[in-house]
Number of protein chains: 2
Amino acid sequence: MAFHALDTTTVLDYVKSRPALNGFFPDGATLIAREVGDGNLNFVFFIENADDPTNSLVVKQALPYLRVIGESWPLTQERVRYETQALRKHNEVAPGLAPEVYDYDDEMSALIMEHLREHEIMRYPMVARKRFPKFADHISTFLANSLFFTSDLYLTGEEKKQYMELFTNEQLRKLQEDFVYTNPYMDSEENNWNPLVDDAVQAVRANAELKMAIAEAKRAYTTHAEALIHADLHTGSIMLNEEDTRVIDPEFAFFGPMGYDVGAVLQNLILNYLSHYGHTPDKEERESYQAHVIEMVRDTWNGFAAKFDALWKENNRGEAVPTKYWDFPGGDEAFAAYRRRYILRLLRDTAHHGGVKFLRRMMGIVSVWDISSIEDPKKRAVAERAAIHIGSRWILEKDSFNAIDDLIAVVQEETADIEI
Amino acid sequence: MAFHALDTTTVLDYVKSRPALNGFFPDGATLIAREVGDGNLNFVFFIENADDPTNSLVVKQALPYLRVIGESWPLTQERVRYETQALRKHNEVAPGLAPEVYDYDDEMSALIMEHLREHEIMRYPMVARKRFPKFADHISTFLANSLFFTSDLYLTGEEKKQYMELFTNEQLRKLQEDFVYTNPYMDSEENNWNPLVDDAVQAVRANAELKMAIAEAKRAYTTHAEALIHADLHTGSIMLNEEDTRVIDPEFAFFGPMGYDVGAVLQNLILNYLSHYGHTPDKEERESYQAHVIEMVRDTWNGFAAKFDALWKENNRGEAVPTKYWDFPGGDEAFAAYRRRYILRLLRDTAHHGGVKFLRRMMGIVSVWDISSIEDPKKRAVAERAAIHIGSRWILEKDSFNAIDDLIAVVQEETADIEI
C-alpha cells in the first residue's frame with residue numbers, strides 16, 4: 001500500500017494485515033497500541049495483546065523528515081531499510097544481541113520487531129549508578145562478531161562488495177561526516193556549548209595539530225570501508241538488563257572503520273564516568289562507580305580484542321590474507337603477529353574516532369543526556385572540560401598507545417585533580 | 001543488437017550503423033578494418049578511410065572470457081563499460097591526456113574511440129632508450145587531475161558515492177587483489193620466476209615482516225576508497241610521442257588508494273632503468289639513459305605533488321575539509337601543513353604499493369616486457385634481483401621516506417655494485 005503515516009488506530013489494522021505476523025497474536029485478541037517515539041524522526045508503536053502483555057511487538061515507521069534543532073533535514077525513508085538490513089545481519093552474526101526482526105514493509109517504511117519489555121536504555125540506569133555485570137562480555141561479543149564477520153577477513157571480495165551496495169546510506173553518512181567530524185570545530189550555527197568551557201572550546205577550534213588530526217579521522221571515516229559498522233553505537237543505542245544486552249537503532253550502518261564503533265562504546269562509558277562529578281556528590285559512591293565504569297572500559301576492549309583475534313584465527317575464510325599465505329617456517333607466528341598488529345591499529349583507531357566523539361558532544365549540535373542532565377552549569381563544566389581534554393589527548397597521543405590502559409591513564413590523569 | 005563477436009567484415013557495417021559516428025567518415029568512403037588486439041581479452045579494430053589514412057578510429061570489443069596462462073577466467077563484459085566511463089572522466093578532468101571516446105554500445109560491449117596514429121606504447125621505445133621530454137609534465141598532470149578531481153577533496157560526499165556505484169568493478173578488482181597482493185608471495189601454480197633468483201624469491205615468501213607489510217598494502221587496496229584510480233597504470237598503458245601523452249586501457253578503474261597509480265608509474269620507470277643492465281651493454285650509454293629515467297621519476301613525483309597541492313588549494317569544494325574549517329589564526333598555515341602531510345602520506349603509499357608491484361612482477365604471473373625481453377637469464381637475473389631488493393626496501397622503509405630522493409636513494413644503493 002502507498003505510504004501513509006500510521007496512528008494508534010490504523011496501526012492495529014496494519015499489523016493484522018501483514019502475512020508475516022499471522023499467528024503472532026491469537027485470533028480475536030484485543031490489541032492495544034501506544035506511540036512512544038519522539039515523533040520527530042520516526043513513529044514507534046508498542047502493540048500489545050490486552051489479555052497478555054507479554055504478547056507484544058514494536059512497529060517503527062520512518063517519517064520523510066528529520067527535524068534537528070532549528071533546521072529541517074529532508075531524509076529519505078530508506079533509513080528504515082538500512083536499519084532492517086543491519087538488524088538482520090546482527091541477528092545472524094551476533095545472535096541474541098539485537099532485537100529480532102519480524103517483518104519489513106518497504107512501501108510503508110515500516111519495521112516490525114521484537115518488543116524488549118524487560119530492557120532499559122543503558123544511559124539512564126548508568127546515571128543512577130546501576131551495574132550490568134554481563135555488559136562488557138555481551139558488547140565485546142557484539143563488536144567482535146559484527147565487525148569480523150562483515151569484514152574482508154571473513155567475506156570474499158565479491159560478498160563484501162555485494163553487502164556494500166546494500167549499505168550506501170548516503171544521507172545518514174553525511175550527517176555523521178558533518179556533525180561529528182566537521183561542524184563542531186568551526187563556526188556553524190547549530191553548535192552549542194557551555195559558556196563556562198568556552199576557553200577550552202575555542203582552544204580546540206584554533207589548535208592546528210588537533211584540527212589536522214580530526215581531518216585525518218574524517219578521511220578514515222569517509223574512505224576506509226573495513227566492515228559494516230553500526231555508526232551510532234552510544235549508550236542510547238543499547239537496551240539491557242542484568243542478564244541480556246541488545247544493540248538497537250542501527251540506521252546509520254555502512255561500511256566504515258571498525259574503530260568508530262568500538263570508540264563510540266568506550267567514549268560513552270567514559271562520558272558517564274565524568275557525569276558523576278555532577279550526579280554523584282558522595283565521593284565514595286562516585287569513586288566506586290567510576291572504578292566500575294573503568295573496569296567496563298577495560299573489559300570491553302580486552303574482550304573485544306581477544307574475541308576478534310580468536311574469530312580470525314578460527315574463521316580465516318575471507319580473501320584478505322588466505323591461510324596459505326602464512327605457509328612458511330615461522331608463518332604461524334607471523335600470522336599471530338599480524339593479528340596483534342591489526343588489533344593494535346584498531347586500538348589506535350578507537351582512540352582517534354572516540355577522541356573526536358568526545359569533542360563533538362561538548363561543542364557540536366548534541367550533547368549526551370548523562371552530561372546535559374547535570375543542571376548546575378558549573379558542575380557540568382567540570383565534566384565537559386575533562387571530556388575535552390581527554391578527547392584531545394586520545395586524538396593527539398593515539399600513536400603512542402599500546403594497550404587499553406594507556407587510554408584509561410589519560411582519563412585518570414585528566415580527572416586526578418578534580419575537586420567538587 | 002544482441003552481442004556477437006565482430007570481425008573485420010562485420011565491424012564495417014557496425015560502424016556505419018552507429019548514429020554517433022554519422023559524418024565521421026565521408027559518405028561513400030571505402031573503409032578498411034584491421035584487427036590488432038591479442039584476441040584473448042578483447043578485439044581491437046583499426047577502421048581507416050582508404051582514401052585518407054588520417055580519417056580513422058578504433059573499435060574495442062570485449063569478449064566474455066579472459067585467458068591467462070594455463071587458466072580460464074570468466075569475466076563479465078562490463079569491463080568495457082568501466083573503461084568507457086573512466087576514459088570519459090579522464091577526458092573531462094585531464095583533457096588531452098586520454099583518447100577521446102566517440103561512442104559506446106553496452107549490448108555489443110563495444111567502445112569506439114580516437115585512433116592514436118602518431119603514438120607508441122611507452123614500454124618499447126624506453127627499452128630502445130628513446131627520450132620523451134614532456135612525459136613527466138604530462139603524466140604528473142594526469143595523476144594530479146585524475147586523482148584530485150575524483151576524491152573527497154573535490155567531490156561532495158553524494159557525488160563521490162554516486163561515482164563509486166558506477167565503478168564497483170568487482171571482477172577486475174579481484175584480479176589485482178589476487179595477482180598483485182596475494183598469490184605471488186605464496187605457493188600458487190601460475191607463479192613464474194627466474195630460477196637464478198630463486199633464493200631471493202623464497203626469501204620474500206618467508207620474510208614475516210615483509211609479508212605483514214604486503215598484507216597491510218592489500219588491506220589499503222581493498223578498503224581505502226580515496227579516488228577513481230586507473231589501477232593498471234604501467235608503461236604499457238601509456239601511448240605517447242615527444243609532444244603528446246595519452247593514458248589508455250583504464251578497465252581496472254575503481255575507487256582505491258591514490259598511491260597505487262603513482263606507484264605504478266614510478267615502479268615501471270625504474271623497472272625500465274633496471275632492464276638496461278640487460279639491454280644496454282655500453283656503460284656510458286646505459287648510465288646516461290638511467291640518469292634520464294631517474295630524472296623522470298623525480299620530475300613525475302615532484303610535478304604531481306606540486307600540482308596536487310595547487311589544485312587542492314584552488315578548488316577546495318569537496319566536503320573533506322571545508323575552507324571554513326581552517327578559519328582561525330594560523331589556519332592558512334595549518335591548511336598548508338595538512339596538505340603537506342597528506343601528500344607525504346601519498347609518497348609513502350606510493351612506495352608501499354609501488355614496492356609490492358616490483359615484487360609481483362618478479363615472482364607472480366606476469367613480468368613486464370622490459371625485463372622479460374632480456375634473453376640471457378643471467379643478465380635478466382641482475383635486473384630481477386635488484387628489483388626484488390628495491391621493492392622489499394620500499395615496502396619496509398616507507399615510513400622513513402620524506403621525499404622522492406629517499407625512494408631514489410634505494411634504487412641507487414641497490415644498483416651501485418652491479419658489474420656486468
# chains A, B, ... in the order shown; residues from 1 in each chain; ligands from 1
>>> interface_residues(of="chain B", to="chain A", cutoff="6 Å", atoms="only C-alpha atoms", output="JSON, numbers by chain")
{"B": [186, 206, 208, 212, 223, 224, 225, 226, 325, 328, 334, 338]}
>>> residues_around(residues="range 386-399 of chain A", least_positions_apart="2", cutoff="10 Å", atoms="only C-alpha atoms", output="number ranges by chain")
A: 197, 200-201, 203-204, 207, 209-214, 217, 267, 270-271, 274-275, 344-345, 347-363, 381-384, 401-402, 406-415, 418
>>> write_last_selection(atoms="C-alpha atoms", output="CSV table (one decimal), in the first residue's frame")
chain,number,residue,atom,x,y,z
A,197,VAL,CA,34.1,26.0,28.9
A,200,ALA,CA,38.5,25.1,26.0
A,201,VAL,CA,36.2,25.0,23.1
A,203,ALA,CA,41.3,26.3,22.0
A,204,VAL,CA,40.2,23.2,20.2
A,207,ASN,CA,44.6,24.1,17.6
A,209,GLU,CA,47.6,19.9,15.2
A,210,LEU,CA,44.3,18.8,16.6
A,211,LYS,CA,42.4,20.1,13.5
A,212,MET,CA,44.7,18.2,11.2
A,213,ALA,CA,44.3,15.0,13.3
A,214,ILE,CA,40.5,15.4,13.2
A,217,ALA,CA,39.9,10.9,11.3
A,267,GLN,CA,33.8,7.1,24.9
A,270,ILE,CA,33.7,7.5,29.9
A,271,LEU,CA,31.3,10.3,29.5
A,274,LEU,CA,32.6,12.0,34.0
A,275,SER,CA,28.9,12.8,34.5
A,344,LEU,CA,46.8,-2.6,17.9
A,345,ARG,CA,45.8,-0.4,14.9
A,347,LEU,CA,43.0,0.3,19.4
A,348,ARG,CA,44.6,3.5,18.0
A,349,ASP,CA,41.7,4.0,15.6
A,350,THR,CA,39.4,3.6,18.6
A,351,ALA,CA,41.2,6.4,20.4
A,352,HIS,CA,41.2,8.5,17.2
A,353,HIS,CA,37.5,8.3,16.5
A,354,GLY,CA,36.5,8.0,20.1
A,355,GLY,CA,38.5,11.1,20.9
A,356,VAL,CA,36.7,13.1,18.1
A,357,LYS,CA,33.4,11.9,19.5
A,358,PHE,CA,34.3,13.3,23.0
A,359,LEU,CA,34.8,16.7,21.4
A,360,ARG,CA,31.7,16.7,19.2
A,361,ARG,CA,29.5,16.0,22.2
A,362,MET,CA,30.9,19.0,24.0
A,363,MET,CA,30.8,21.6,21.2
A,381,ALA,CA,31.6,22.3,33.2
A,382,VAL,CA,33.8,20.1,35.3
A,383,ALA,CA,32.8,17.0,33.3
A,384,GLU,CA,32.8,18.9,30.0
A,401,PHE,CA,49.0,3.9,22.8
A,402,ASN,CA,49.8,0.2,23.1
A,406,ASP,CA,47.1,3.8,28.0
A,407,LEU,CA,43.7,5.2,27.1
A,408,ILE,CA,42.5,4.8,30.7
A,409,ALA,CA,45.6,6.5,32.0
A,410,VAL,CA,44.6,9.6,30.1
A,411,VAL,CA,41.2,9.6,31.8
A,412,GLN,CA,42.7,9.1,35.2
A,413,GLU,CA,45.3,11.9,34.7
A,414,GLU,CA,42.7,14.4,33.4
A,415,THR,CA,40.4,13.7,36.4
A,418,ILE,CA,39.1,17.3,40.2
>>> select_by_dssp(residues="range 75-322 of chain A", states="helix (DSSP H, G or I)", output="PyMOL selection string")
chain A and resi 78-93+123-127+135-148+157-166+170-181+183-185+195-205+208-223+235-237+258-279+283-314
>>> closest_residue(among="B:Glu295, B:Asp27, B:Asp370, B:Glu114", to="Thr280 in chain B", atoms="only C-alpha atoms")
B:Asp370
>>> residues_around(residues="range 304-313 of chain A", least_positions_apart="3", cutoff="7 Å", atoms="only C-alpha atoms", output="list of chain:residue names")
A:Ser140, A:Thr141, A:Leu143, A:Ala144, A:Phe148, A:Leu153, A:Thr300, A:Trp301, A:Asn316, A:Arg339, A:Ile343
>>> write_last_selection(atoms="C-alpha atoms", output="PDB file, in the first residue's frame")
ATOM      1  CA  SER A 140      32.542  -7.174  23.241  1.00  0.00           C
ATOM      2  CA  THR A 141      30.946 -10.194  21.561  1.00  0.00           C
ATOM      3  CA  LEU A 143      31.591  -5.749  18.457  1.00  0.00           C
ATOM      4  CA  ALA A 144      33.880  -8.660  17.611  1.00  0.00           C
ATOM      5  CA  PHE A 148      34.760  -9.506  11.995  1.00  0.00           C
ATOM      6  CA  LEU A 153      38.823 -11.090   6.925  1.00  0.00           C
ATOM      7  CA  THR A 300      35.079  -4.305  26.807  1.00  0.00           C
ATOM      8  CA  TRP A 301      38.312  -3.608  24.927  1.00  0.00           C
ATOM      9  CA  ASN A 316      40.058 -17.065   8.152  1.00  0.00           C
ATOM     10  CA  ARG A 339      46.686 -10.149  14.015  1.00  0.00           C
ATOM     11  CA  ILE A 343      44.246  -5.151  16.574  1.00  0.00           C
TER      12      ILE A 343
END
>>> residues_around(residues="range 39-56 of chain B", least_positions_apart="4", cutoff="12 Å", atoms="only C-alpha atoms", output="ChimeraX atom specification")
/B:4-16,21,23-35,60-69,71-77,79-80,102,108-118,249,251
>>> select_by_dssp(residues="range 90-296 of chain A", states="strand (DSSP E)", output="mmCIF file with all heavy atoms, in the first residue's frame")
data_model
loop_
_atom_site.group_PDB
_atom_site.id
_atom_site.type_symbol
_atom_site.label_atom_id
_atom_site.label_comp_id
_atom_site.auth_asym_id
_atom_site.auth_seq_id
_atom_site.Cartn_x
_atom_site.Cartn_y
_atom_site.Cartn_z
ATOM 1 N N VAL A 101 13.912 -9.255 14.062
ATOM 2 C CA VAL A 101 13.053 -8.606 13.062
ATOM 3 C C VAL A 101 11.936 -9.581 12.687
ATOM 4 O O VAL A 101 12.202 -10.720 12.307
ATOM 5 C CB VAL A 101 13.859 -8.239 11.803
ATOM 6 C CG1 VAL A 101 12.931 -7.725 10.698
ATOM 7 C CG2 VAL A 101 14.927 -7.207 12.134
ATOM 8 N N TYR A 102 10.675 -9.121 12.772
ATOM 9 C CA TYR A 102 9.550 -9.983 12.389
ATOM 10 C C TYR A 102 9.105 -9.714 10.953
ATOM 11 O O TYR A 102 8.642 -10.615 10.262
ATOM 12 C CB TYR A 102 8.349 -9.746 13.312
ATOM 13 C CG TYR A 102 8.590 -10.058 14.772
ATOM 14 C CD1 TYR A 102 7.986 -9.286 15.762
ATOM 15 C CD2 TYR A 102 9.403 -11.130 15.162
ATOM 16 C CE1 TYR A 102 8.178 -9.563 17.100
ATOM 17 C CE2 TYR A 102 9.597 -11.405 16.510
ATOM 18 C CZ TYR A 102 8.989 -10.620 17.469
ATOM 19 O OH TYR A 102 9.176 -10.891 18.795
ATOM 20 N N ASP A 103 9.211 -8.455 10.523
ATOM 21 C CA ASP A 103 8.642 -8.098 9.227
ATOM 22 C C ASP A 103 9.201 -6.737 8.807
ATOM 23 O O ASP A 103 9.589 -5.926 9.666
ATOM 24 C CB ASP A 103 7.108 -8.007 9.354
ATOM 25 C CG ASP A 103 6.401 -7.974 7.996
ATOM 26 O OD1 ASP A 103 7.054 -8.237 6.956
ATOM 27 O OD2 ASP A 103 5.187 -7.679 7.991
ATOM 28 N N TYR A 104 9.221 -6.505 7.489
ATOM 29 C CA TYR A 104 9.651 -5.214 6.973
ATOM 30 C C TYR A 104 8.799 -4.888 5.760
ATOM 31 O O TYR A 104 8.544 -5.747 4.915
ATOM 32 C CB TYR A 104 11.135 -5.242 6.595
ATOM 33 C CG TYR A 104 11.540 -4.024 5.806
ATOM 34 C CD1 TYR A 104 11.554 -2.762 6.410
ATOM 35 C CD2 TYR A 104 11.886 -4.115 4.453
ATOM 36 C CE1 TYR A 104 11.880 -1.629 5.684
ATOM 37 C CE2 TYR A 104 12.227 -2.993 3.735
ATOM 38 C CZ TYR A 104 12.220 -1.750 4.350
ATOM 39 O OH TYR A 104 12.551 -0.629 3.628
ATOM 40 N N ASP A 105 8.361 -3.637 5.670
ATOM 41 C CA ASP A 105 7.479 -3.200 4.590
ATOM 42 C C ASP A 105 8.099 -1.961 3.964
ATOM 43 O O ASP A 105 8.079 -0.877 4.547
ATOM 44 C CB ASP A 105 6.096 -2.893 5.176
ATOM 45 C CG ASP A 105 5.099 -2.424 4.125
ATOM 46 O OD1 ASP A 105 5.497 -2.173 2.964
ATOM 47 O OD2 ASP A 105 3.911 -2.288 4.482
ATOM 48 N N ALA A 110 8.142 0.636 7.164
ATOM 49 C CA ALA A 110 7.810 0.123 8.500
ATOM 50 C C ALA A 110 8.605 -1.142 8.806
ATOM 51 O O ALA A 110 8.727 -2.036 7.976
ATOM 52 C CB ALA A 110 6.324 -0.177 8.592
ATOM 53 N N LEU A 111 9.129 -1.164 10.012
ATOM 54 C CA LEU A 111 9.900 -2.288 10.530
ATOM 55 C C LEU A 111 9.139 -2.827 11.734
ATOM 56 O O LEU A 111 8.776 -2.057 12.633
ATOM 57 C CB LEU A 111 11.283 -1.778 10.941
ATOM 58 C CG LEU A 111 12.111 -2.572 11.942
ATOM 59 C CD1 LEU A 111 12.449 -3.947 11.379
ATOM 60 C CD2 LEU A 111 13.397 -1.807 12.260
ATOM 61 N N ILE A 112 8.855 -4.133 11.736
ATOM 62 C CA ILE A 112 8.140 -4.737 12.863
ATOM 63 C C ILE A 112 9.109 -5.694 13.553
ATOM 64 O O ILE A 112 9.698 -6.564 12.907
ATOM 65 C CB ILE A 112 6.862 -5.458 12.392
ATOM 66 C CG1 ILE A 112 5.893 -4.423 11.791
ATOM 67 C CG2 ILE A 112 6.180 -6.151 13.566
ATOM 68 C CD1 ILE A 112 5.654 -4.573 10.340
ATOM 69 N N MET A 113 9.279 -5.496 14.851
ATOM 70 C CA MET A 113 10.324 -6.249 15.531
ATOM 71 C C MET A 113 9.953 -6.572 16.963
ATOM 72 O O MET A 113 8.918 -6.151 17.478
ATOM 73 C CB MET A 113 11.640 -5.472 15.480
ATOM 74 C CG MET A 113 11.592 -4.117 16.148
ATOM 75 S SD MET A 113 13.168 -3.222 15.943
ATOM 76 C CE MET A 113 12.585 -1.543 16.230
ATOM 77 N N GLU A 114 10.854 -7.324 17.572
ATOM 78 C CA GLU A 114 10.714 -7.775 18.954
ATOM 79 C C GLU A 114 10.555 -6.585 19.911
ATOM 80 O O GLU A 114 11.251 -5.581 19.799
ATOM 81 C CB GLU A 114 12.001 -8.547 19.312
ATOM 82 C CG GLU A 114 12.017 -9.165 20.677
ATOM 83 C CD GLU A 114 13.326 -9.942 20.917
ATOM 84 O OE1 GLU A 114 14.218 -9.913 20.034
ATOM 85 O OE2 GLU A 114 13.443 -10.564 21.998
ATOM 86 N N GLU A 120 16.083 -1.762 29.567
ATOM 87 C CA GLU A 120 16.024 -0.298 29.593
ATOM 88 C C GLU A 120 17.208 0.268 28.796
ATOM 89 O O GLU A 120 18.227 -0.392 28.610
ATOM 90 C CB GLU A 120 16.008 0.243 31.030
ATOM 91 C CG GLU A 120 17.088 -0.290 31.927
ATOM 92 C CD GLU A 120 16.883 0.112 33.406
ATOM 93 O OE1 GLU A 120 16.213 1.126 33.678
ATOM 94 O OE2 GLU A 120 17.439 -0.596 34.266
ATOM 95 N N ILE A 121 17.024 1.501 28.312
ATOM 96 C CA ILE A 121 18.095 2.198 27.594
ATOM 97 C C ILE A 121 19.251 2.430 28.567
ATOM 98 O O ILE A 121 19.061 2.962 29.650
ATOM 99 C CB ILE A 121 17.582 3.561 27.066
ATOM 100 C CG1 ILE A 121 16.470 3.364 26.038
ATOM 101 C CG2 ILE A 121 18.719 4.394 26.506
ATOM 102 C CD1 ILE A 121 16.944 2.948 24.672
ATOM 103 N N ALA A 227 34.362 -2.632 7.498
ATOM 104 C CA ALA A 227 33.331 -3.583 7.942
ATOM 105 C C ALA A 227 32.011 -2.842 8.059
ATOM 106 O O ALA A 227 31.960 -1.610 8.028
ATOM 107 C CB ALA A 227 33.716 -4.179 9.308
ATOM 108 N N LEU A 228 30.926 -3.610 8.197
ATOM 109 C CA LEU A 228 29.611 -2.993 8.437
ATOM 110 C C LEU A 228 29.597 -2.480 9.868
ATOM 111 O O LEU A 228 29.536 -3.276 10.814
ATOM 112 C CB LEU A 228 28.497 -4.018 8.236
ATOM 113 C CG LEU A 228 27.076 -3.468 8.438
ATOM 114 C CD1 LEU A 228 26.731 -2.436 7.378
ATOM 115 C CD2 LEU A 228 26.053 -4.599 8.433
ATOM 116 N N ILE A 229 29.655 -1.174 10.021
ATOM 117 C CA ILE A 229 29.650 -0.621 11.377
ATOM 118 C C ILE A 229 28.251 -0.093 11.697
ATOM 119 O O ILE A 229 27.490 0.290 10.808
ATOM 120 C CB ILE A 229 30.734 0.466 11.574
ATOM 121 C CG1 ILE A 229 30.460 1.739 10.758
ATOM 122 C CG2 ILE A 229 32.114 -0.090 11.227
ATOM 123 C CD1 ILE A 229 31.404 2.892 11.093
ATOM 124 N N ILE A 238 21.752 1.141 23.204
ATOM 125 C CA ILE A 238 21.896 -0.161 23.862
ATOM 126 C C ILE A 238 20.756 -0.312 24.862
ATOM 127 O O ILE A 238 20.522 0.584 25.677
ATOM 128 C CB ILE A 238 23.271 -0.272 24.578
ATOM 129 C CG1 ILE A 238 24.408 -0.206 23.553
ATOM 130 C CG2 ILE A 238 23.350 -1.557 25.415
ATOM 131 C CD1 ILE A 238 25.788 -0.018 24.145
ATOM 132 N N MET A 239 20.032 -1.428 24.784
ATOM 133 C CA MET A 239 18.995 -1.747 25.770
ATOM 134 C C MET A 239 19.429 -3.011 26.495
ATOM 135 O O MET A 239 19.898 -3.970 25.868
ATOM 136 C CB MET A 239 17.639 -1.962 25.081
ATOM 137 C CG MET A 239 17.093 -0.684 24.470
ATOM 138 S SD MET A 239 15.386 -0.883 23.866
ATOM 139 C CE MET A 239 14.485 -0.964 25.428
ATOM 140 N N LEU A 240 19.278 -2.991 27.811
ATOM 141 C CA LEU A 240 19.814 -4.128 28.546
ATOM 142 C C LEU A 240 19.140 -4.306 29.903
ATOM 143 O O LEU A 240 18.332 -3.482 30.332
ATOM 144 C CB LEU A 240 21.331 -3.984 28.718
ATOM 145 C CG LEU A 240 21.896 -3.052 29.800
ATOM 146 C CD1 LEU A 240 23.405 -3.114 29.778
ATOM 147 C CD2 LEU A 240 21.418 -1.640 29.668
ATOM 148 N N THR A 245 21.597 -8.136 26.779
ATOM 149 C CA THR A 245 22.015 -6.873 26.166
ATOM 150 C C THR A 245 21.616 -6.888 24.701
ATOM 151 O O THR A 245 21.839 -7.882 24.005
ATOM 152 C CB THR A 245 23.550 -6.717 26.270
ATOM 153 O OG1 THR A 245 23.926 -6.796 27.642
ATOM 154 C CG2 THR A 245 24.014 -5.388 25.679
ATOM 155 N N ARG A 246 21.022 -5.793 24.227
ATOM 156 C CA ARG A 246 20.646 -5.699 22.808
ATOM 157 C C ARG A 246 21.101 -4.360 22.242
ATOM 158 O O ARG A 246 20.894 -3.304 22.864
ATOM 159 C CB ARG A 246 19.126 -5.788 22.656
ATOM 160 C CG ARG A 246 18.491 -6.994 23.301
ATOM 161 C CD ARG A 246 18.857 -8.305 22.642
ATOM 162 N NE ARG A 246 18.096 -9.363 23.295
ATOM 163 C CZ ARG A 246 16.990 -9.887 22.769
ATOM 164 N NH1 ARG A 246 16.562 -9.520 21.576
ATOM 165 N NH2 ARG A 246 16.317 -10.821 23.429
ATOM 166 N N VAL A 247 21.642 -4.421 21.047
ATOM 167 C CA VAL A 247 22.041 -3.205 20.331
ATOM 168 C C VAL A 247 20.919 -2.851 19.365
ATOM 169 O O VAL A 247 20.515 -3.686 18.545
ATOM 170 C CB VAL A 247 23.364 -3.426 19.581
ATOM 171 C CG1 VAL A 247 23.698 -2.206 18.721
ATOM 172 C CG2 VAL A 247 24.483 -3.710 20.581
ATOM 173 N N PHE A 254 26.851 1.489 7.802
ATOM 174 C CA PHE A 254 27.509 1.494 6.486
ATOM 175 C C PHE A 254 28.869 0.828 6.657
ATOM 176 O O PHE A 254 29.246 0.450 7.764
ATOM 177 C CB PHE A 254 27.634 2.924 5.943
ATOM 178 C CG PHE A 254 28.749 3.720 6.559
ATOM 179 C CD1 PHE A 254 29.932 3.971 5.867
ATOM 180 C CD2 PHE A 254 28.621 4.212 7.855
ATOM 181 C CE1 PHE A 254 30.962 4.693 6.451
ATOM 182 C CE2 PHE A 254 29.644 4.941 8.440
ATOM 183 C CZ PHE A 254 30.817 5.186 7.744
ATOM 184 N N PHE A 255 29.603 0.688 5.553
ATOM 185 C CA PHE A 255 30.933 0.079 5.643
ATOM 186 C C PHE A 255 31.954 1.167 5.951
ATOM 187 O O PHE A 255 32.282 1.982 5.090
ATOM 188 C CB PHE A 255 31.271 -0.697 4.371
ATOM 189 C CG PHE A 255 30.685 -2.073 4.391
ATOM 190 C CD1 PHE A 255 29.341 -2.275 4.139
ATOM 191 C CD2 PHE A 255 31.468 -3.171 4.728
ATOM 192 C CE1 PHE A 255 28.776 -3.552 4.207
ATOM 193 C CE2 PHE A 255 30.924 -4.457 4.798
ATOM 194 C CZ PHE A 255 29.569 -4.636 4.540
ATOM 195 N N GLY A 256 32.437 1.159 7.181
ATOM 196 C CA GLY A 256 33.369 2.184 7.630
ATOM 197 C C GLY A 256 34.418 1.585 8.542
ATOM 198 O O GLY A 256 34.553 0.363 8.644
#
>>> residues_around(residues="Pro133 in chain A", least_positions_apart="2", cutoff="9 Å", atoms="only C-alpha atoms", output="PyMOL selection string")
chain A and resi 131+135-137+242-243+296
>>> write_last_selection(atoms="C-alpha atoms", output="PDB file, in the first residue's frame")
ATOM      1  CA  ARG A 131      25.629  -2.079  37.383  1.00  0.00           C
ATOM      2  CA  PHE A 135      27.531  -5.961  29.687  1.00  0.00           C
ATOM      3  CA  ALA A 136      31.254  -5.992  28.851  1.00  0.00           C
ATOM      4  CA  ASP A 137      31.083  -9.634  27.816  1.00  0.00           C
ATOM      5  CA  GLU A 242      21.385  -7.656  34.221  1.00  0.00           C
ATOM      6  CA  GLU A 243      21.121 -10.757  32.055  1.00  0.00           C
ATOM      7  CA  MET A 296      33.776  -1.936  31.942  1.00  0.00           C
TER       8      MET A 296
END
>>> atom_distance(atom1="CA of Asp299 in chain A", atom2="CA of Val262 in chain A")
12.3 Å
>>> atom_distance(atom1="CA of Phe132 in chain A", atom2="CA of Arg340 in chain A")
29.1 Å
